[in-house]
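The block underneath contains the structure these notes are about, expressed in structure tokens.
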Amino acid sequence: MAMKDAARVLVVAASDSSGGAGIGRDIETVAAFGLRSALALTAVTVQTHDAVLDVASVEPSIVADQMKAAFSANRIGAVKIGLLPTASAVAAVATVLRRHPEIPVVLDPVLKASSGGSLGDADRAQAIVTELFPLVSLVTPNHGELASLTDQVVAANEAAVLAQGQMLIDAGATAVLVKGGHGTGAFATDFLLRPDAAPVPFHAPRLDAEMRGTGCMLASAIAAGLARGEVLERCIATSKNFVHARIAAMPQRESWCKESLPGERVEIGL
């Protein structure tokens, strides 16, 4: 029997047939934080651990209707958004979010596969900035996604990372967590940026391992924390610890798998 009074995280994301990323990772992460998920499927992807073979988008109206049904059936404590394959899907999701401005939203801006394959329309990045930035509580781009959202080359140093992150703030984002897993050096540093505030760094020793779906896990864990009423900085710190622990406990053979969906090298944690 569904527990209607228990807050859930509404996950708006795509499937991954390999089980390495996407909505499967989101559900297991939310469950690890003691919460249940409500779902709105945005696309069905055909993937191995090495490549994206095909993507079938769900009609934007169906995506929106799934979200509306989830809000009707459950008390939603937070929303986590992953892959939105078309600009029309972005617009449809934004339409529903505007009806629930009190709900915190975490956006993991999945724009392309790490293997180089396309995951949707080329015009999604601009639609995400225009339609979703004013509606979400936190955007969590890695360095490649940050470059795509700002129409810049990938940042080569910390100053460039902060400058590009500030561009997203100037474009209307409430808060941006720039993930540092794709950087270099002994430590991976993520930066939380907000308007009129100094950047807040989250440092982590780099681990020599890779795992798909870490971006999904991090964003879902943060959304779970927000659904439980925790402050943003606490959510980020706890979530990074969670992902770091998952990577550290990963069997050796899994670390050999190449990422298909955007995620980080396991160079995150505290």
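By convention here, the chains of the structure tokens are called A, B, ... in the order presented, each chain's residues are numbered starting at 1, and ligands are numbered starting at 1 in the order presented.
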Kindly assemble as a Markdown table a list of the range 190-236 of chain A residues that lie within 8 Å of range 29-44 of chain A, each paired with its nearest atom pair and their distance in Å to one decimal, using only C-alpha atoms, sorted first by chain and then by ascending residue number.
| residue | atom | partner | partner_atom | distance |
| --- | --- | --- | --- | --- |
| A:Met217 | CA | A:Thr29 | CA | 5.9 |
| A:Ser220 | CA | A:Val30 | CA | 6.2 |
| A:Ala221 | CA | A:Thr29 | CA | 6.1 |
| A:Ala224 | CA | A:Val30 | CA | 5.8 |
| A:Gly225 | CA | A:Phe33 | CA | 7.8 |
Neighbouring residues of Thr130 in chain A were defined as those with any atom within 12 Å, considering only C-alpha atoms; residues of the same chain fewer than 6 positions away were excluded. Please report them as a list in words.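 Surrounding residues, per the criterion: Ala87, Val90, Ala91, Ala94, Asp123, Arg124, Val136, Leu149, Leu168, Asp170, Ala171, Gly172 and Ala173 of chain A.
Minimum atom-to-atom distances from A:Val55, A:Val106, A:Leu10, A:Leu84 to Leu138 in chain A were compared using only C-alpha atoms, and the lowest value belongs to A:Val106.
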Compile the contact shell of Val161 in chain A as an mmCIF file with C-alpha atoms, in the first residue's frame: residues with an atom at most 9 Å away, counting only C-alpha atoms, same-chain residues fewer than 6 positions apart removed.
data_model
loop_
_atom_site.group_PDB
_atom_site.id
_atom_site.type_symbol
_atom_site.label_atom_id
_atom_site.label_comp_id
_atom_site.auth_asym_id
_atom_site.auth_seq_id
_atom_site.Cartn_x
_atom_site.Cartn_y
_atom_site.Cartn_z
ATOM 1 C CA HIS A 143 33.161 20.588 -16.568
ATOM 2 C CA LEU A 146 29.397 23.647 -17.814
ATOM 3 C CA ALA A 147 31.163 24.423 -21.094
ATOM 4 C CA VAL A 154 36.083 23.306 -21.307
ATOM 5 C CA ALA A 155 37.675 25.236 -18.439
ATOM 6 C CA VAL A 178 30.387 22.720 -10.432
ATOM 7 C CA PHE A 191 32.428 24.681 -6.025
#
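If you measure from each of A:Ala219, A:Ala237, A:Ala21, A:Ala89 to Ser61 in chain A using only C-alpha atoms, the closest one turns out to be A:Ala89.
When CA of His244 in chain A is paired with CA of Thr189 in chain A, their separation reads 13.3 Å.
Nearest to Val11 in chain A of all the residues A:Thr214, A:Ser72, A:Thr95, A:Gln66 is A:Gln66, counting only C-alpha atoms.
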Which residues are near Asp151 in chain A? Cut-off 10 Å, only C-alpha atoms, ignore same chain within fewer than 6 positions. Put them as a list in words.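 Near neighbours after the sequence-gap exclusion: Ala125, Gln126, Glu145 and Gln164 of chain A.
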Go ahead and save the residues from that selection, with N, CA and C atoms, as a compact mmCIF listing (two decimals), in the first residue's frame.
# COMPACT_ATOMS: atom_id res chain seq x y z
N ALA A 125 20.46 22.75 -24.54
CA ALA A 125 21.22 23.52 -23.56
C ALA A 125 20.62 24.90 -23.35
N GLN A 126 20.30 25.58 -24.44
CA GLN A 126 19.72 26.92 -24.31
C GLN A 126 18.34 26.86 -23.67
N GLU A 145 29.66 19.73 -19.19
CA GLU A 145 28.32 20.30 -19.21
C GLU A 145 28.35 21.79 -18.95
N GLN A 164 33.02 30.47 -15.53
CA GLN A 164 31.90 29.85 -16.23
C GLN A 164 30.73 29.59 -15.29
Would you kindly return, as a PyMOL selection string, each protein, DNA or RNA residue with an atom no farther than 6 Å from any atom of Ile236 in chain A, considering only C-alpha atoms and excluding same-chain residues fewer than 3 positions away? chain A and resi 222+233+239
Separation of CA of Gly22 in chain A from CA of Ala248 in chain A in Å: 20.6 Å
If we count only C-alpha atoms, what is near Leu177 in chain A at a cut-off of 10 Å, once residues fewer than 4 positions away on the same chain are taken out, given as a ChimeraX atom specification? /A:108,138-142,165,190-194,199-202,219,236
Keeping only N, CA and C atoms, take the residues you just selected and write them out as a tab-separated table (two decimals), in the first residue's frame.
chain	number	residue	atom	x	y	z
A	108	ASP	N	20.43	17.86	-12.82
A	108	ASP	CA	21.68	17.31	-13.35
A	108	ASP	C	21.60	17.44	-14.87
A	138	LEU	N	19.15	23.99	-7.57
A	138	LEU	CA	20.56	23.69	-7.76
A	138	LEU	C	20.77	23.04	-9.11
A	139	VAL	N	21.82	23.48	-9.82
A	139	VAL	CA	22.27	22.86	-11.07
A	139	VAL	C	23.62	22.22	-10.80
A	140	THR	N	23.84	20.98	-11.27
A	140	THR	CA	25.06	20.25	-10.94
A	140	THR	C	25.85	19.83	-12.18
A	141	PRO	N	26.42	20.76	-12.92
A	141	PRO	CA	27.17	20.40	-14.12
A	141	PRO	C	28.58	19.91	-13.82
A	142	ASN	N	29.07	18.96	-14.63
A	142	ASN	CA	30.51	18.69	-14.64
A	142	ASN	C	31.17	19.68	-15.58
A	165	GLY	N	31.03	29.17	-14.07
A	165	GLY	CA	29.96	28.99	-13.10
A	165	GLY	C	29.22	30.28	-12.82
A	190	ASP	N	34.89	20.62	-5.80
A	190	ASP	CA	33.62	21.10	-6.32
A	190	ASP	C	33.36	22.48	-5.72
A	191	PHE	N	32.72	23.33	-6.49
A	191	PHE	CA	32.43	24.68	-6.02
A	191	PHE	C	30.93	24.94	-6.05
A	192	LEU	N	30.41	25.39	-4.91
A	192	LEU	CA	29.02	25.83	-4.84
A	192	LEU	C	29.00	27.34	-5.02
A	193	LEU	N	28.30	27.79	-6.06
A	193	LEU	CA	28.19	29.22	-6.35
A	193	LEU	C	26.74	29.65	-6.20
A	194	ARG	N	26.57	30.84	-5.60
A	194	ARG	CA	25.26	31.47	-5.46
A	194	ARG	C	25.41	32.97	-5.66
A	199	PRO	N	32.29	31.71	-3.47
A	199	PRO	CA	32.19	30.28	-3.77
A	199	PRO	C	32.55	29.43	-2.55
A	200	VAL	N	31.82	28.35	-2.36
A	200	VAL	CA	32.08	27.42	-1.26
A	200	VAL	C	32.73	26.17	-1.84
A	201	PRO	N	33.99	25.89	-1.48
A	201	PRO	CA	34.66	24.71	-2.04
A	201	PRO	C	34.37	23.46	-1.21
A	202	PHE	N	34.30	22.34	-1.92
A	202	PHE	CA	34.20	21.02	-1.30
A	202	PHE	C	35.35	20.19	-1.84
A	219	ALA	N	23.27	13.94	-7.57
A	219	ALA	CA	22.10	14.81	-7.66
A	219	ALA	C	20.91	14.21	-6.92
A	236	ILE	N	24.92	18.62	0.23
A	236	ILE	CA	26.04	18.38	-0.67
A	236	ILE	C	27.12	17.57	0.03
Which polymer residues have any atom within 6 Å of an atom of Val9 in chain A, counting only C-alpha atoms, with same-chain residues fewer than 2 positions away left out, as a count of residues only? 5
Restricting the calculation to only C-alpha atoms: of A:Ala227, A:Ala6, A:Val243, A:Ala249, which residue gets closest to Ala73 in chain A? A:Ala6
How would you write, as a list in words, the set of residues in range 40-94 of chain A that DSSP gives as helix (DSSP H, G or I)? Pro60, Ser61, Ile62, Val63, Ala64, Asp65, Gln66, Met67, Lys68, Ala69, Ala70, Phe71, Ser72, Ala73, Ala87, Ser88, Ala89, Val90, Ala91, Ala92, Val93 and Ala94 of chain A
Using DSSP on the backbone coordinates, identify all residues within range 24-252 of chain A classified as strand (DSSP E or B); present the result as a PyMOL selection string. chain A and resi 36-41+43-47+52-57+75-81+105-107+112+118+138-139+176-178+187-193+200-205+210
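Here the question is which of A:Ala245, A:Val110, A:Cys216, A:Leu232 gets nearest to Glu28 in chain A using only C-alpha atoms, and that residue is A:Cys216.
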Let me make sure I understand: among A:Ile103, A:Ala51, A:Ala156, A:Met67, which one has the smallest atom-to-atom distance to Arg212 in chain A if we use only C-alpha atoms?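 Once distances to Arg212 in chain A are computed over only C-alpha atoms, the minimum belongs to A:Ala51.
Distance-wise, CA of Ser57 in chain A and CA of Ala14 in chain A end up 8.7 Å apart.
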